[in-house]
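Report on the following structure.
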Amino acid sequence: MTIWELSRETFDIMGVSLKVSITATVLATLVGVPAGFFLAVRDFRGKHTIVSIMNTLMAIPTVVVGLLVYMSLSRSGPLGFMGILYTPAAMVVGQIILAFPIITALAYAAVSAVDERVRTTAESLGASAAQSAWMVLKEGRLGMIAAVVAGFGRVIAEVGSAIMVGGNIKGYTRTMTTAIALETSKGNFALGITLGMILLVVALTINLTVNAFLGRKA
Amino acid sequence: MTASALYELHNIKRVVQKDRMILDIGHLAIPEGAITGIVGPNGAGKSTLLKIMAFLVRPEEGEMLFRGKGVAQTDIYNLRRMVTMVDQSPLLFRGTVFKNVAYGLRVRNVPTGEWEPMVKEALSLVDIAGYENRSVKGLSGGEIQRVAIARALVFRPQVVLLDEPTAGVDAARVEMVEALIREVNERSGTGVIFSTHQLAQAYRLTEDVIHLIAGKISEESIENVFIGHVEVEDGQRRICVKNGVKVTVVSICEGLRRFSIPASGIIISRNSEIQENKNRCEGTVTKMEIRGDKIRLRIDGDLSLRVEVEPNQLHEKGISLGARVMAVFPPEAVRILD
């Protein structure tokens, strides 16, 4: 039995995984970071309820998200007209739903941890609302990066949603995790182990990159 | 004559926690380009007043004029770019000293090519030239404060608000900060408004001192403050100020004493009107400005005095800038401070 199997197919699977997960993480970041920032700096009724909901959603099972997205995107569902079920786009939708609460909740925690004086100091030096908000985000960047990395970690490693709404179509929606599940069920451990190792390498690379970045900037 | 004050506050009220009034100012005018001290105990509302003047906090009630224009109608961000405030315990952003000092230039879109000489000049002013590339980590408390002041001065604001700049610092640093306040004001004409709980410190730096107690300006302003030795001559107590001027007082006191002459207790008199038994001090009118419905004069002679007169007296008594006048005040008006 061959353990290492680095074929063209393996690279295709890696490509789909990274493309879907990076896209989902970027989109969830674009919404989640401002949402976390807003939650941290503004006081309004229901704020703590929203924070509690976000914290709860961090632990939502991926298959539940897969089920909800499947129901929405299936032909009889409310978004069935879009015709994106069993496409990478559907997988991105599922992964955004998974990453958004994590990024929002951790961004909220990161901004809350930033000294209140950062905003007032920036404003007293002439910063506009946007410039002082950017300064707060920069001061809380360690937590922000942790939020984005945690969001990416959640989606690159998830299998439930990807397999349900992507359909695990070879060369199209097959990701590293769905491939591992499939190959394992077929008894093809070589590809499964290779993909598992690649997943770990990707996670390690991201962490080393982030640590190097933080080490330089902190 | 100054047409308008830098700041004019009318019926400013700041309320926190539903109905707790922390600031209640009926009228306050602060002159342009001067050093102004705000004195009061902890919790008097000094920081709140400074934040209102830095346009960081909006009062619940009242009107504030900045250079004669109502603040409520004007763009708050443009106003914030004319003034700046340095906190009691200033916060520096992560990174280098240069990045911190250049922040005000960055947010004003000053071309990056102009930053370096401006940052160097600001650092030199606060005696930490060459600190540009240092990380803010590891700076001492004194260095942090200097960087914060340099950061506030680099974009040449029209007024710098310093919240308790010498709170909890050692004597050597107090002198440094006081010298810096004078230098900033003298070198560029930048207005400096600082808060302190030390009356003596306020008067060391300026005669424009606002007394704030429990959020209100103390009705009885303490100004024209001098220090001298009490002597008894012909049964009368006189305080001999260091330049030889003697001020007759009625209080029973002795030794080295600090005293004040309220501006409202001094009258401007022609020589022919001089009455016996009153203190007299001749001088030149060097400054005139409108304060509410009165005219405030600065008369520089043997003593430098602030005097308040009614507007109609200007013509009646021939008061104009550069005029030689006699300031007269009775011994009863002199107040022994400590």
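Labels for the structure tokens follow display order: chains A, B, ..., residues from 1 in each chain, ligands from 1.
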
Alpha helix (DSSP H) positions in stretch 124-328 of chain B, given as JSON, numbers by chain:
{"B": [124, 125, 141, 142, 143, 144, 145, 146, 147, 148, 149, 150, 151, 152, 153, 171, 172, 173, 174, 175, 176, 177, 178, 179, 180, 181, 182, 183, 184, 185, 186, 187, 188, 199, 200, 201, 202, 203, 204, 205, 312, 313, 314, 315, 316]}

Could those selected residues go to a file with N, CA and C atoms, as a short mmCIF file (atom, residue, chain, number, x, y, z; two decimals), in the first residue's frame?
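The resulting file, part-v9.cif, is shown below:
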```cif
data_model
loop_
_atom_site.label_atom_id
_atom_site.label_comp_id
_atom_site.auth_asym_id
_atom_site.auth_seq_id
_atom_site.Cartn_x
_atom_site.Cartn_y
_atom_site.Cartn_z
N SER B 124 12.82 67.53 19.58
CA SER B 124 13.86 68.41 20.11
C SER B 124 13.27 69.38 21.14
N LEU B 125 12.07 69.84 20.87
CA LEU B 125 11.40 70.78 21.79
C LEU B 125 11.20 70.16 23.18
N GLY B 141 8.34 56.66 32.30
CA GLY B 141 7.13 57.49 32.45
C GLY B 141 7.35 58.90 31.92
N GLY B 142 8.52 59.47 32.25
CA GLY B 142 8.83 60.82 31.80
C GLY B 142 8.96 60.89 30.29
N GLU B 143 9.59 59.87 29.71
CA GLU B 143 9.77 59.85 28.25
C GLU B 143 8.43 59.69 27.53
N ILE B 144 7.55 58.86 28.12
CA ILE B 144 6.22 58.68 27.52
C ILE B 144 5.49 60.02 27.49
N GLN B 145 5.60 60.75 28.58
CA GLN B 145 4.91 62.04 28.63
C GLN B 145 5.49 63.02 27.61
N ARG B 146 6.81 63.00 27.46
CA ARG B 146 7.42 63.90 26.48
C ARG B 146 7.01 63.53 25.06
N VAL B 147 6.97 62.22 24.77
CA VAL B 147 6.54 61.80 23.43
C VAL B 147 5.10 62.27 23.19
N ALA B 148 4.27 62.11 24.23
CA ALA B 148 2.86 62.50 24.09
C ALA B 148 2.75 64.01 23.82
N ILE B 149 3.59 64.79 24.50
CA ILE B 149 3.53 66.25 24.29
C ILE B 149 4.07 66.59 22.89
N ALA B 150 5.15 65.91 22.48
CA ALA B 150 5.68 66.14 21.13
C ALA B 150 4.62 65.78 20.08
N ARG B 151 3.91 64.68 20.33
CA ARG B 151 2.86 64.23 19.40
C ARG B 151 1.74 65.27 19.30
N ALA B 152 1.50 65.95 20.41
CA ALA B 152 0.45 66.96 20.41
C ALA B 152 0.90 68.27 19.75
N LEU B 153 2.21 68.52 19.79
CA LEU B 153 2.70 69.81 19.29
C LEU B 153 3.11 69.77 17.83
N ALA B 171 9.98 66.19 41.38
CA ALA B 171 10.19 67.65 41.32
C ALA B 171 10.94 68.09 40.07
N ALA B 172 11.95 67.30 39.67
CA ALA B 172 12.75 67.69 38.50
C ALA B 172 11.89 67.72 37.26
N ARG B 173 10.99 66.74 37.17
CA ARG B 173 10.13 66.68 35.99
C ARG B 173 9.07 67.78 36.02
N VAL B 174 8.63 68.15 37.22
CA VAL B 174 7.66 69.25 37.33
C VAL B 174 8.26 70.50 36.72
N GLU B 175 9.52 70.78 37.06
CA GLU B 175 10.18 71.97 36.52
C GLU B 175 10.29 71.88 35.00
N MET B 176 10.61 70.67 34.51
CA MET B 176 10.75 70.49 33.06
C MET B 176 9.41 70.79 32.37
N VAL B 177 8.34 70.25 32.92
CA VAL B 177 7.02 70.43 32.29
C VAL B 177 6.61 71.91 32.34
N GLU B 178 6.87 72.55 33.47
CA GLU B 178 6.51 73.97 33.59
C GLU B 178 7.31 74.80 32.59
N ALA B 179 8.60 74.49 32.46
CA ALA B 179 9.43 75.23 31.51
C ALA B 179 8.93 75.00 30.09
N LEU B 180 8.53 73.77 29.82
CA LEU B 180 8.03 73.42 28.49
C LEU B 180 6.75 74.19 28.16
N ILE B 181 5.86 74.29 29.15
CA ILE B 181 4.60 75.02 28.93
C ILE B 181 4.92 76.48 28.56
N ARG B 182 5.84 77.07 29.28
CA ARG B 182 6.21 78.47 28.98
C ARG B 182 6.82 78.56 27.58
N GLU B 183 7.71 77.61 27.28
CA GLU B 183 8.41 77.67 26.00
C GLU B 183 7.45 77.51 24.82
N VAL B 184 6.52 76.55 24.95
CA VAL B 184 5.54 76.32 23.89
C VAL B 184 4.74 77.58 23.63
N ASN B 185 4.35 78.22 24.72
CA ASN B 185 3.53 79.43 24.60
C ASN B 185 4.33 80.59 24.01
N GLU B 186 5.55 80.73 24.47
CA GLU B 186 6.35 81.87 24.02
C GLU B 186 6.87 81.67 22.61
N ARG B 187 7.29 80.44 22.30
CA ARG B 187 7.93 80.20 21.01
C ARG B 187 6.95 80.35 19.85
N SER B 188 5.78 79.75 19.99
CA SER B 188 4.88 79.73 18.84
C SER B 188 3.54 80.40 19.11
N LEU B 199 -2.47 75.10 43.53
CA LEU B 199 -2.69 76.53 43.31
C LEU B 199 -1.37 77.24 42.99
N ALA B 200 -0.34 76.90 43.76
CA ALA B 200 0.95 77.58 43.59
C ALA B 200 1.49 77.34 42.18
N GLN B 201 1.35 76.11 41.71
CA GLN B 201 1.86 75.81 40.37
C GLN B 201 1.13 76.63 39.31
N ALA B 202 -0.18 76.73 39.47
CA ALA B 202 -0.95 77.48 38.49
C ALA B 202 -0.45 78.91 38.42
N TYR B 203 -0.23 79.51 39.57
CA TYR B 203 0.21 80.91 39.58
C TYR B 203 1.67 81.08 39.19
N ARG B 204 2.44 80.01 39.30
CA ARG B 204 3.82 80.10 38.81
C ARG B 204 3.82 80.29 37.29
N LEU B 205 2.82 79.73 36.64
CA LEU B 205 2.80 79.73 35.18
C LEU B 205 1.96 80.85 34.59
N ASN B 312 -17.61 101.93 29.71
CA ASN B 312 -17.71 103.39 29.59
C ASN B 312 -16.55 104.12 30.27
N GLN B 313 -15.80 103.40 31.10
CA GLN B 313 -14.67 104.03 31.78
C GLN B 313 -13.46 104.23 30.86
N LEU B 314 -13.44 103.47 29.77
CA LEU B 314 -12.28 103.56 28.87
C LEU B 314 -12.11 105.00 28.39
N HIS B 315 -13.21 105.57 27.95
CA HIS B 315 -13.15 106.94 27.43
C HIS B 315 -13.02 107.96 28.57
N GLU B 316 -13.83 107.74 29.60
CA GLU B 316 -13.84 108.68 30.74
C GLU B 316 -12.46 108.84 31.35
#
```

Using only C-alpha atoms, what table do you get, as CSV, when you list each residue of chain A with an atom no more than 10 Å from chain B, its nearest pair of atoms, and their distance in Å rounded to one decimal, rows by chain then rising number?
```
residue,atom,partner,partner_atom,distance
A:Asp115,CA,B:Leu91,CA,8.7
A:Glu116,CA,B:Leu91,CA,9.9
A:Arg117,CA,B:Leu91,CA,6.7
A:Val118,CA,B:Leu91,CA,7.0
A:Thr120,CA,B:Leu56,CA,7.3
A:Thr121,CA,B:Leu91,CA,7.2
A:Ala122,CA,B:Tyr103,CA,8.2
A:Glu123,CA,B:Leu56,CA,7.3
A:Ser124,CA,B:Thr84,CA,5.2
A:Leu125,CA,B:Gly104,CA,5.4
A:Gly126,CA,B:Arg81,CA,4.5
A:Ala127,CA,B:Val107,CA,5.6
A:Ser128,CA,B:Tyr77,CA,6.2
A:Ala129,CA,B:Tyr77,CA,8.6
A:Gln131,CA,B:Val107,CA,7.1
A:Ser132,CA,B:Val107,CA,9.3
A:Met135,CA,B:Phe93,CA,8.5
A:Val136,CA,B:Phe93,CA,9.6
A:Lys138,CA,B:Arg94,CA,8.8
A:Glu139,CA,B:Arg94,CA,6.8
A:Lys217,CA,B:Gly95,CA,7.7
A:Ala218,CA,B:Arg94,CA,7.5
```

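Across the structure, atom CA of B:Lys46 and atom CA of B:Ser218 are spaced 12.7 Å apart.
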
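Considering only C-alpha atoms, the residue among A:Ser74, A:Val51, A:Ala133, A:Arg154 positioned nearest to A:Ala105 is A:Val51.
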
So that I can see what lies close to stretch 90-101 of chain A, please list as a PyMOL selection string the residues with an atom at most 6 Å from it, counting only C-alpha atoms and leaving out residues fewer than 3 positions away in the same chain.
chain A and resi 20+24+28+32+54+57-58+84-85+87+104-105+151+155+162+165-166

Skip B:Gly70 itself and residues of its chain fewer than 5 positions away, then list as a PyMOL selection string all residues within 12 Å of it, counting only C-alpha atoms.
chain B and resi 6-10+62-65+75-76+79

For the residues in that selection, give me C-alpha atoms as a short mmCIF file (atom, residue, chain, number, x, y, z; two decimals), in the first residue's frame.
```cif
data_model
loop_
_atom_site.label_atom_id
_atom_site.label_comp_id
_atom_site.auth_asym_id
_atom_site.auth_seq_id
_atom_site.Cartn_x
_atom_site.Cartn_y
_atom_site.Cartn_z
CA LEU B 6 -10.52 81.76 22.22
CA TYR B 7 -13.23 79.93 24.12
CA GLU B 8 -16.45 81.27 25.51
CA LEU B 9 -18.68 78.95 27.50
CA HIS B 10 -22.24 79.83 28.41
CA GLY B 62 -25.18 75.18 27.04
CA GLU B 63 -23.26 76.84 24.29
CA MET B 64 -19.56 76.97 23.59
CA LEU B 65 -17.99 79.45 21.21
CA ASP B 75 -17.72 70.58 11.85
CA ILE B 76 -16.42 68.88 14.95
CA LEU B 79 -12.29 71.87 15.29
#
```

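Within stretch 146-189 of chain B, the backbone-based DSSP assignment of strand (DSSP E) covers Val159, Val160, Leu161 and Leu162 of chain B.
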
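The space between atom CA of B:Arg296 and atom CA of B:Ser264 spans 9.7 Å.
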
If we count only C-alpha atoms and set the cut-off at 7 Å, which residues sit around A:Phe37, ignoring sequence neighbours fewer than 5 positions away in its own chain? Please answer as a count of residues only.
3

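Counting from atom CA of B:Phe329, the distance to atom CA of B:Ile267 is 6.4 Å.
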
What lies within 8 Å of B:Pro59 using only C-alpha atoms, ignoring chain neighbours under 3 positions off, as JSON, numbers by chain?
{"B": [12, 13, 14, 15, 52, 62]}

Quick one: everything within 8 Å of A:Val148, counting only C-alpha atoms, minus sequence neighbours fewer than 2 positions away in the same chain. Send it as a ChimeraX atom specification.
/A:25,29,103,144-146,150-152
